[in-house]
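> File follows, data23.cif with mmCIF, C-alpha atoms and all ligand atoms:
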```
data_input
#
loop_
_atom_site.label_atom_id
_atom_site.label_comp_id
_atom_site.auth_asym_id
_atom_site.auth_seq_id
_atom_site.Cartn_x
_atom_site.Cartn_y
_atom_site.Cartn_z
CA MET A 29 17.91 -27.17 45.77
CA LYS A 30 20.29 -28.57 48.38
CA HIS A 31 23.73 -29.16 47.00
CA GLU A 32 26.02 -31.98 48.00
CA ASN A 33 29.35 -30.77 46.70
CA GLU A 34 30.64 -27.62 45.09
CA ALA A 35 33.72 -26.12 43.44
CA VAL A 36 34.26 -22.53 42.38
CA ILE A 37 37.13 -21.56 40.09
CA ARG A 38 38.00 -18.09 38.93
CA PHE A 39 40.35 -17.48 36.01
CA PRO A 40 41.18 -14.72 33.49
CA SER A 41 39.58 -14.86 30.03
CA LEU A 42 42.61 -16.42 28.30
CA SER A 43 41.80 -18.91 25.55
CA SER A 44 44.21 -21.43 27.08
CA ASN A 45 41.73 -21.68 29.98
CA GLU A 46 39.11 -23.30 27.71
CA ALA A 47 40.89 -26.66 27.98
CA PHE A 48 41.43 -26.06 31.71
CA ALA A 49 37.69 -25.50 32.27
CA ARG A 50 36.87 -28.73 30.44
CA SER A 51 39.39 -30.72 32.50
CA VAL A 52 38.14 -29.28 35.80
CA THR A 53 34.53 -30.07 34.85
CA ALA A 54 35.40 -33.64 33.88
CA ALA A 55 37.34 -34.10 37.13
CA PHE A 56 34.45 -32.76 39.24
CA ALA A 57 31.91 -34.88 37.36
CA ALA A 58 33.94 -38.07 37.94
CA GLN A 59 32.39 -38.45 41.45
CA MET A 60 28.99 -38.76 39.73
CA ASP A 61 30.07 -41.75 37.67
CA PRO A 62 29.15 -40.34 34.25
CA THR A 63 29.16 -42.31 31.00
CA LEU A 64 31.66 -41.36 28.33
CA GLU A 65 28.87 -39.71 26.35
CA GLU A 66 27.69 -37.68 29.37
CA LEU A 67 31.25 -36.58 30.01
CA GLY A 68 31.52 -35.46 26.38
CA ASP A 69 28.25 -33.51 26.70
CA LEU A 70 29.44 -31.73 29.88
CA LYS A 71 32.83 -30.85 28.39
CA THR A 72 31.16 -29.52 25.24
CA ALA A 73 28.67 -27.38 27.16
CA VAL A 74 31.28 -25.87 29.49
CA SER A 75 33.62 -25.23 26.57
CA GLU A 76 30.86 -23.30 24.76
CA ALA A 77 29.99 -21.21 27.82
CA VAL A 78 33.59 -20.38 28.73
CA THR A 79 34.46 -19.60 25.11
CA ASN A 80 31.54 -17.15 24.97
CA ALA A 81 32.89 -15.35 28.04
CA ILE A 82 36.36 -15.22 26.49
CA VAL A 83 35.30 -14.19 22.97
CA HIS A 84 32.18 -12.07 23.46
CA ALA A 85 32.15 -10.75 27.03
CA TYR A 86 35.62 -9.25 26.86
CA PRO A 87 36.16 -8.44 23.18
CA ASP A 88 39.27 -6.34 23.71
CA ARG A 89 40.47 -6.98 27.23
CA ILE A 90 41.13 -9.82 29.62
CA GLY A 91 38.50 -10.07 32.35
CA PRO A 92 37.44 -12.49 35.10
CA VAL A 93 35.46 -15.66 34.45
CA VAL A 94 33.93 -17.66 37.31
CA LEU A 95 33.07 -21.32 36.82
CA ARG A 96 30.92 -22.91 39.50
CA LEU A 97 30.24 -26.64 39.59
CA ARG A 98 27.61 -28.05 41.92
CA ARG A 99 26.42 -31.55 42.55
CA LEU A 100 22.73 -31.43 43.37
CA ALA A 101 20.38 -34.10 44.71
CA GLY A 102 19.38 -36.74 42.20
CA ASN A 103 22.83 -36.86 40.55
CA VAL A 104 22.28 -33.53 38.83
CA LEU A 105 25.34 -31.50 37.83
CA GLU A 106 24.93 -27.74 37.67
CA ILE A 107 27.44 -25.66 35.71
CA THR A 108 27.41 -21.87 36.06
CA VAL A 109 29.68 -19.60 34.02
CA LYS A 110 29.69 -15.94 34.96
CA ASP A 111 31.44 -12.95 33.44
CA THR A 112 31.33 -9.23 34.13
CA GLY A 113 31.74 -8.24 30.50
CA VAL A 114 29.71 -6.36 27.89
CA GLY A 115 26.47 -8.30 28.37
CA ILE A 116 23.81 -9.27 25.83
CA PRO A 117 21.19 -6.71 24.72
CA ASP A 118 18.65 -9.36 23.60
CA VAL A 119 19.02 -12.80 25.19
CA ALA A 120 16.15 -14.35 23.20
CA GLN A 121 17.86 -13.35 19.97
CA ALA A 122 21.23 -14.66 21.23
CA ARG A 123 19.66 -18.09 21.80
CA GLN A 124 18.48 -18.38 18.18
CA PRO A 125 20.46 -20.99 16.19
CA MET A 126 23.02 -19.34 13.90
CA PHE A 127 22.69 -15.91 15.50
CA THR A 128 26.20 -14.57 15.99
CA THR A 129 27.98 -11.25 16.39
CA GLY A 130 31.28 -13.10 16.02
CA GLY A 131 31.87 -13.07 12.25
CA ALA A 132 33.27 -15.90 10.12
CA GLU A 133 35.18 -17.57 12.94
CA ARG A 134 31.96 -18.32 14.84
CA SER A 135 28.92 -20.32 13.78
CA GLY A 136 26.28 -19.06 16.21
CA MET A 137 25.64 -22.59 17.48
CA GLY A 138 27.13 -22.43 20.98
CA LEU A 139 23.97 -21.72 22.96
CA THR A 140 21.97 -24.16 20.79
CA ILE A 141 24.52 -26.88 21.56
CA MET A 142 24.48 -26.08 25.31
CA GLU A 143 20.68 -26.35 25.30
CA SER A 144 20.60 -29.64 23.47
CA PHE A 145 23.47 -31.29 25.40
CA MET A 146 22.16 -30.26 28.85
CA ASN A 147 18.67 -30.65 30.38
CA SER A 148 18.12 -26.98 31.16
CA LEU A 149 19.74 -23.62 30.51
CA THR A 150 19.06 -20.17 31.89
CA LEU A 151 20.76 -17.12 30.43
CA ARG A 152 20.79 -13.87 32.39
CA SER A 153 22.49 -10.76 31.14
CA GLN A 154 22.66 -7.05 31.68
CA PRO A 155 24.32 -4.87 29.06
CA GLY A 156 27.46 -3.31 30.52
CA ARG A 157 27.37 -5.57 33.60
CA GLY A 158 27.84 -9.11 32.42
CA THR A 159 26.31 -12.48 31.68
CA THR A 160 25.57 -15.63 33.66
CA VAL A 161 24.70 -18.93 32.04
CA ARG A 162 23.46 -21.75 34.25
CA MET A 163 23.00 -25.27 32.99
CA ARG A 164 21.88 -28.49 34.61
CA LYS A 165 22.13 -32.10 33.57
CA LYS A 166 20.96 -35.22 35.32
CA LEU A 167 23.57 -37.92 34.96
CA ILE A 168 22.19 -41.39 34.48
CA GLY A 169 25.71 -42.69 34.96
CA ARG A 170 27.19 -46.11 34.54
CA GLY A 171 25.65 -48.02 37.44
CA GLU A 172 24.25 -48.27 40.99
CA THR A 173 26.90 -46.01 42.52
CA ALA A 174 25.33 -43.05 40.75
CA CYS A 175 22.55 -42.91 43.39
CA LYS A 176 24.81 -42.81 46.46
CA PRO A 177 26.14 -39.52 47.81
CA MET B 8 48.55 -29.22 16.58
CA ASN B 9 50.21 -31.14 13.75
CA PHE B 10 48.80 -31.24 10.26
CA THR B 11 49.80 -34.24 8.31
CA SER B 12 48.41 -34.10 4.84
CA LEU B 13 48.79 -36.10 1.69
CA LEU B 14 47.88 -35.40 -1.89
CA GLN B 15 46.97 -38.23 -4.21
CA GLU B 16 45.30 -37.83 -7.61
CA LYS B 17 43.84 -34.43 -6.70
CA ARG B 18 42.57 -35.80 -3.41
CA LEU B 19 43.90 -33.93 -0.42
CA THR B 20 43.65 -35.63 2.96
CA ILE B 21 44.26 -33.55 6.06
CA LEU B 22 44.66 -35.38 9.35
CA LEU B 23 43.30 -33.28 12.20
CA SER B 24 44.34 -34.03 15.76
CA GLY B 25 43.99 -32.84 19.34
CA ASP B 26 41.32 -30.53 20.75
CA ILE B 27 39.53 -28.31 18.21
CA ASP B 28 38.33 -25.41 20.36
CA HIS B 29 38.47 -21.62 20.01
CA HIS B 30 42.05 -21.64 21.31
CA ALA B 31 43.24 -23.93 18.50
CA ALA B 32 40.73 -23.24 15.71
CA LYS B 33 42.26 -20.16 14.14
CA GLU B 34 45.56 -21.85 13.40
CA ILE B 35 43.83 -24.98 12.09
CA MET B 36 41.46 -22.94 9.93
CA GLU B 37 44.32 -20.97 8.36
CA SER B 38 46.34 -24.10 7.75
CA VAL B 39 43.43 -25.96 6.12
CA SER B 40 42.58 -22.95 3.90
CA ALA B 41 46.23 -22.54 2.88
CA LYS B 42 46.50 -26.20 1.91
CA ILE B 43 43.34 -25.97 -0.21
CA ARG B 44 44.70 -22.85 -1.95
CA VAL B 45 48.10 -24.40 -2.61
CA TYR B 46 47.05 -27.90 -3.71
CA LEU B 47 43.76 -27.03 -5.49
CA PRO B 48 42.29 -30.48 -4.81
CA GLN B 49 39.10 -31.86 -6.34
CA ILE B 50 38.34 -33.72 -3.14
CA CYS B 51 39.39 -32.52 0.28
CA GLU B 52 39.07 -35.01 3.09
CA LEU B 53 39.24 -33.86 6.70
CA ASP B 54 40.18 -36.92 8.71
CA PHE B 55 38.99 -36.55 12.31
CA SER B 56 40.45 -39.80 13.67
CA GLY B 57 42.94 -37.95 15.91
CA VAL B 58 40.48 -35.36 17.22
CA THR B 59 40.14 -35.68 21.01
CA PHE B 60 37.51 -32.94 21.47
CA MET B 61 35.59 -30.49 19.30
CA ASP B 62 33.13 -27.67 20.06
CA SER B 63 31.33 -25.15 17.84
CA SER B 64 34.68 -23.67 16.79
CA GLY B 65 35.02 -26.81 14.67
CA ILE B 66 31.72 -26.08 12.92
CA ALA B 67 33.11 -22.74 11.71
CA LEU B 68 36.24 -24.58 10.56
CA VAL B 69 34.17 -27.04 8.48
CA ILE B 70 32.07 -24.23 6.98
CA HIS B 71 35.27 -22.37 6.09
CA ALA B 72 36.75 -25.43 4.37
CA LEU B 73 33.44 -26.05 2.60
CA ARG B 74 33.51 -22.51 1.19
CA GLY B 75 37.06 -23.02 -0.05
CA MET B 76 36.12 -26.25 -1.80
CA ASN B 77 32.93 -24.80 -3.28
CA GLN B 78 35.01 -22.02 -4.83
CA LEU B 79 37.14 -24.67 -6.55
CA GLY B 80 34.07 -26.62 -7.63
CA GLY B 81 35.35 -29.49 -5.50
CA THR B 82 33.99 -31.69 -2.74
CA LEU B 83 34.62 -31.72 1.01
CA ARG B 84 34.43 -34.94 3.00
CA LEU B 85 34.62 -35.55 6.73
CA THR B 86 35.93 -38.97 7.68
CA ASN B 87 36.58 -41.04 10.80
CA VAL B 88 34.65 -38.66 13.04
CA PRO B 89 34.67 -39.89 16.69
CA PRO B 90 31.40 -39.82 18.72
CA GLN B 91 31.89 -36.48 20.55
CA PRO B 92 32.73 -34.35 17.46
CA ARG B 93 30.05 -36.26 15.54
CA LYS B 94 27.41 -35.25 18.08
CA VAL B 95 28.48 -31.58 17.79
CA LEU B 96 28.39 -31.70 13.98
CA LEU B 97 24.95 -33.36 14.00
CA ALA B 98 23.61 -30.72 16.42
CA SER B 99 24.67 -28.04 13.94
CA GLY B 100 22.82 -29.64 11.03
CA ILE B 101 25.95 -29.46 8.90
CA GLN B 102 25.54 -33.05 7.72
CA LYS B 103 22.95 -31.66 5.29
CA LEU B 104 25.79 -29.82 3.53
CA VAL B 105 28.66 -32.26 4.10
CA PRO B 106 28.00 -35.97 4.60
CA LEU B 107 29.69 -37.52 7.63
CA ASN B 108 31.41 -40.60 6.26
CA GLN B 109 31.98 -43.42 8.69
CA GLU B 110 35.19 -44.72 7.13
CA ARG B 111 38.08 -43.27 5.25
CA SER B 112 37.03 -43.62 1.61
CA PRO B 113 39.25 -45.83 -0.56
CA ALA B 114 42.05 -43.99 -2.40
N1 LIG C 1 29.04 -14.20 27.66
C1 LIG C 1 28.60 -13.42 26.65
N2 LIG C 1 28.79 -12.07 26.66
C2 LIG C 1 28.35 -11.29 25.64
N3 LIG C 1 27.69 -11.77 24.56
C3 LIG C 1 27.45 -13.09 24.50
C4 LIG C 1 27.88 -13.99 25.52
N4 LIG C 1 27.48 -15.24 25.19
C5 LIG C 1 26.85 -15.13 24.00
N5 LIG C 1 26.81 -13.85 23.57
C6 LIG C 1 26.15 -13.36 22.34
O1 LIG C 1 25.28 -14.35 21.86
C7 LIG C 1 25.63 -14.73 20.53
C8 LIG C 1 25.34 -16.20 20.32
O2 LIG C 1 26.18 -17.01 21.13
P1 LIG C 1 26.49 -18.52 20.65
O3 LIG C 1 27.44 -19.14 21.60
O4 LIG C 1 25.20 -19.23 20.41
O5 LIG C 1 27.17 -18.32 19.21
P2 LIG C 1 28.62 -17.73 18.88
O6 LIG C 1 29.46 -17.71 20.10
O7 LIG C 1 28.43 -16.45 18.16
O8 LIG C 1 29.19 -18.82 17.86
P3 LIG C 1 29.75 -20.28 18.28
O9 LIG C 1 29.36 -20.53 19.70
O10 LIG C 1 29.06 -21.21 17.34
O11 LIG C 1 31.20 -20.23 18.07
C9 LIG C 1 27.08 -14.33 20.38
O12 LIG C 1 27.46 -14.12 19.04
C10 LIG C 1 27.14 -13.04 21.22
O13 LIG C 1 26.63 -11.96 20.50
MG MG C 2 29.60 -19.35 21.35
#
```
Could you quickly redo this structure as structure tokens?
Ligand SMILES: Nc1ncnc2c1ncn2[C@@H]1O[C@H](COP(=O)(O)OP(=O)(O)OP(=O)(O)O)[C@@H](O)[C@H]1O
Ligand SMILES: [Mg+2]


Amino acid sequence: MKHENEAVIRFPSLSSNEAFARSVTAAFAAQMDPTLEELGDLKTAVSEAVTNAIVHAYPDRIGPVVLRLRRLAGNVLEITVKDTGVGIPDVAQARQPMFTTGGAERSGMGLTIMESFMNSLTLRSQPGRGTTVRMRKKLIGRGETACKP
Amino acid sequence: MNFTSLLQEKRLTILLSGDIDHHAAKEIMESVSAKIRVYLPQICELDFSGVTFMDSSGIALVIHALRGMNQLGGTLRLTNVPPQPRKVLLASGIQKLVPLNQERSPA
């Protein structure tokens, strides 16, 4: 799919970067004229993905996280979050609601929320090499301007 | 994150504020649990009116508070939940365990 605009940001897996990732995503999405609810959905999804990289991918070290935002034709926003951490042995199992390896501080709902707040989600992972989650959402937006480049 | 709380007739109200994400959740969770242990309320009300954002870290927080209140034989209530946190809570199905009240219940 041809993309119309793109931003790539790389940051270390510090929990303070969760809020940063949400702000950057909201700022990038602003050009697509999203509704308040759409903006909330995007911030929630990116927060879940980045938190997973911070919490699960690098359980006892700080590692790199790459956030890529792309505006695709048809006012579709694509969010990709990539880490080079521990990886997921069974991605189908990881996507099950309430499945978690995170203990009492996690609820196992992150991937379920990403799936339901976005239109599509692909999860690719290789144990020992890392994980990439890619999500897309078509923004209906607030008005006519949403269709213009 | 500030935690204003008031205790009235065994009803503990905790005002949550700011972003409830993984970065903030641990501190909030510990503070809420400590307040429940200290005040031993019959009703604990988490007031979300000041919450600007919440992700799944908030679900774990609510489950944690629910456990604390169940141990006391008390009730947990969630009040004044703005649209974004509400949508996250509904996606988790937690409203089957804790009703999401629209308004702050009368004292
Ligand atoms: N980037 C990642 N690297 C390694 N493991 C991951 C990654 N993302 C998810 N996982 C695995 O998938 C499981 C499910 O993830 P999900 O986000 O659905 O729930 P959670 O993070 O455990 O809890 P919550 O998101 O509700 O706080 C995690 O517990 C973890 O085992
Ligand atoms: Mg998660």

> Could you please tell me, as a count of residues only, which residues of chain A have an atom within 6 Å of chain B when using all atoms listed in the file?

7

> I'd like the contact shell of stretch 39-54 of chain B - 9 Å cut-off, only C-alpha atoms, skipping same-chain residues fewer than 5 positions apart - returned as an mmCIF file with C-alpha atoms, in the coordinates of the input.


```cif
data_model
loop_
_atom_site.group_PDB
_atom_site.id
_atom_site.type_symbol
_atom_site.label_atom_id
_atom_site.label_comp_id
_atom_site.auth_asym_id
_atom_site.auth_seq_id
_atom_site.Cartn_x
_atom_site.Cartn_y
_atom_site.Cartn_z
ATOM 1 C CA PHE B 10 48.800 -31.240 10.260
ATOM 2 C CA SER B 12 48.410 -34.100 4.840
ATOM 3 C CA LEU B 14 47.880 -35.400 -1.890
ATOM 4 C CA GLU B 16 45.300 -37.830 -7.610
ATOM 5 C CA LYS B 17 43.840 -34.430 -6.700
ATOM 6 C CA ARG B 18 42.570 -35.800 -3.410
ATOM 7 C CA LEU B 19 43.900 -33.930 -0.420
ATOM 8 C CA THR B 20 43.650 -35.630 2.960
ATOM 9 C CA ILE B 21 44.260 -33.550 6.060
ATOM 10 C CA LEU B 22 44.660 -35.380 9.350
ATOM 11 C CA LEU B 23 43.300 -33.280 12.200
ATOM 12 C CA SER B 24 44.340 -34.030 15.760
ATOM 13 C CA GLU B 34 45.560 -21.850 13.400
ATOM 14 C CA LEU B 68 36.240 -24.580 10.560
ATOM 15 C CA VAL B 69 34.170 -27.040 8.480
ATOM 16 C CA HIS B 71 35.270 -22.370 6.090
ATOM 17 C CA ALA B 72 36.750 -25.430 4.370
ATOM 18 C CA GLY B 75 37.060 -23.020 -0.050
ATOM 19 C CA MET B 76 36.120 -26.250 -1.800
ATOM 20 C CA LEU B 79 37.140 -24.670 -6.550
ATOM 21 C CA GLY B 80 34.070 -26.620 -7.630
ATOM 22 C CA GLY B 81 35.350 -29.490 -5.500
ATOM 23 C CA THR B 82 33.990 -31.690 -2.740
ATOM 24 C CA LEU B 83 34.620 -31.720 1.010
ATOM 25 C CA ARG B 84 34.430 -34.940 3.000
ATOM 26 C CA LEU B 85 34.620 -35.550 6.730
ATOM 27 C CA THR B 86 35.930 -38.970 7.680
ATOM 28 C CA ASN B 87 36.580 -41.040 10.800
ATOM 29 C CA VAL B 88 34.650 -38.660 13.040
ATOM 30 C CA ARG B 111 38.080 -43.270 5.250
ATOM 31 C CA SER B 112 37.030 -43.620 1.610
#
```

> Neighbours of ligand LIG 1 (chain C) at 9 Å or closer, counting all atoms listed in the file: which residues, as number ranges by chain?

A: 76-87, 109-119, 121-131, 133-142, 151, 153, 155, 158-161; B: 29, 62-67, 99

> Ranking A:Phe39, A:Ser75, A:Met146, A:Leu95 by minimum distance to ligand MG 2 (chain C) and counting only C-alpha atoms and all ligand atoms, which one comes first?

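Of the candidates, the smallest distance to ligand MG 2 (chain C) is held by A:Ser75.
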
> Work out how far atom CA of A:Leu42 is from atom CA of A:Leu64, in Å to one decimal.

27.2 Å

> Give the answer as one residue: which of A:Val74, A:Leu97, A:Arg164, A:Arg157 has the shortest atom-to-atom distance to ligand MG 2 (chain C), using all atoms listed in the file?

A:Val74

> Between atom CA of A:Arg162 and atom CA of A:Asp61, what distance in Å does the model show, to one decimal?

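A separation of 21.3 Å between them.
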
> Nearest to A:Leu167 among A:Ala120, A:Val94, A:Leu149, A:Thr63, with distances taken over only C-alpha atoms: which residue is it?

A:Thr63
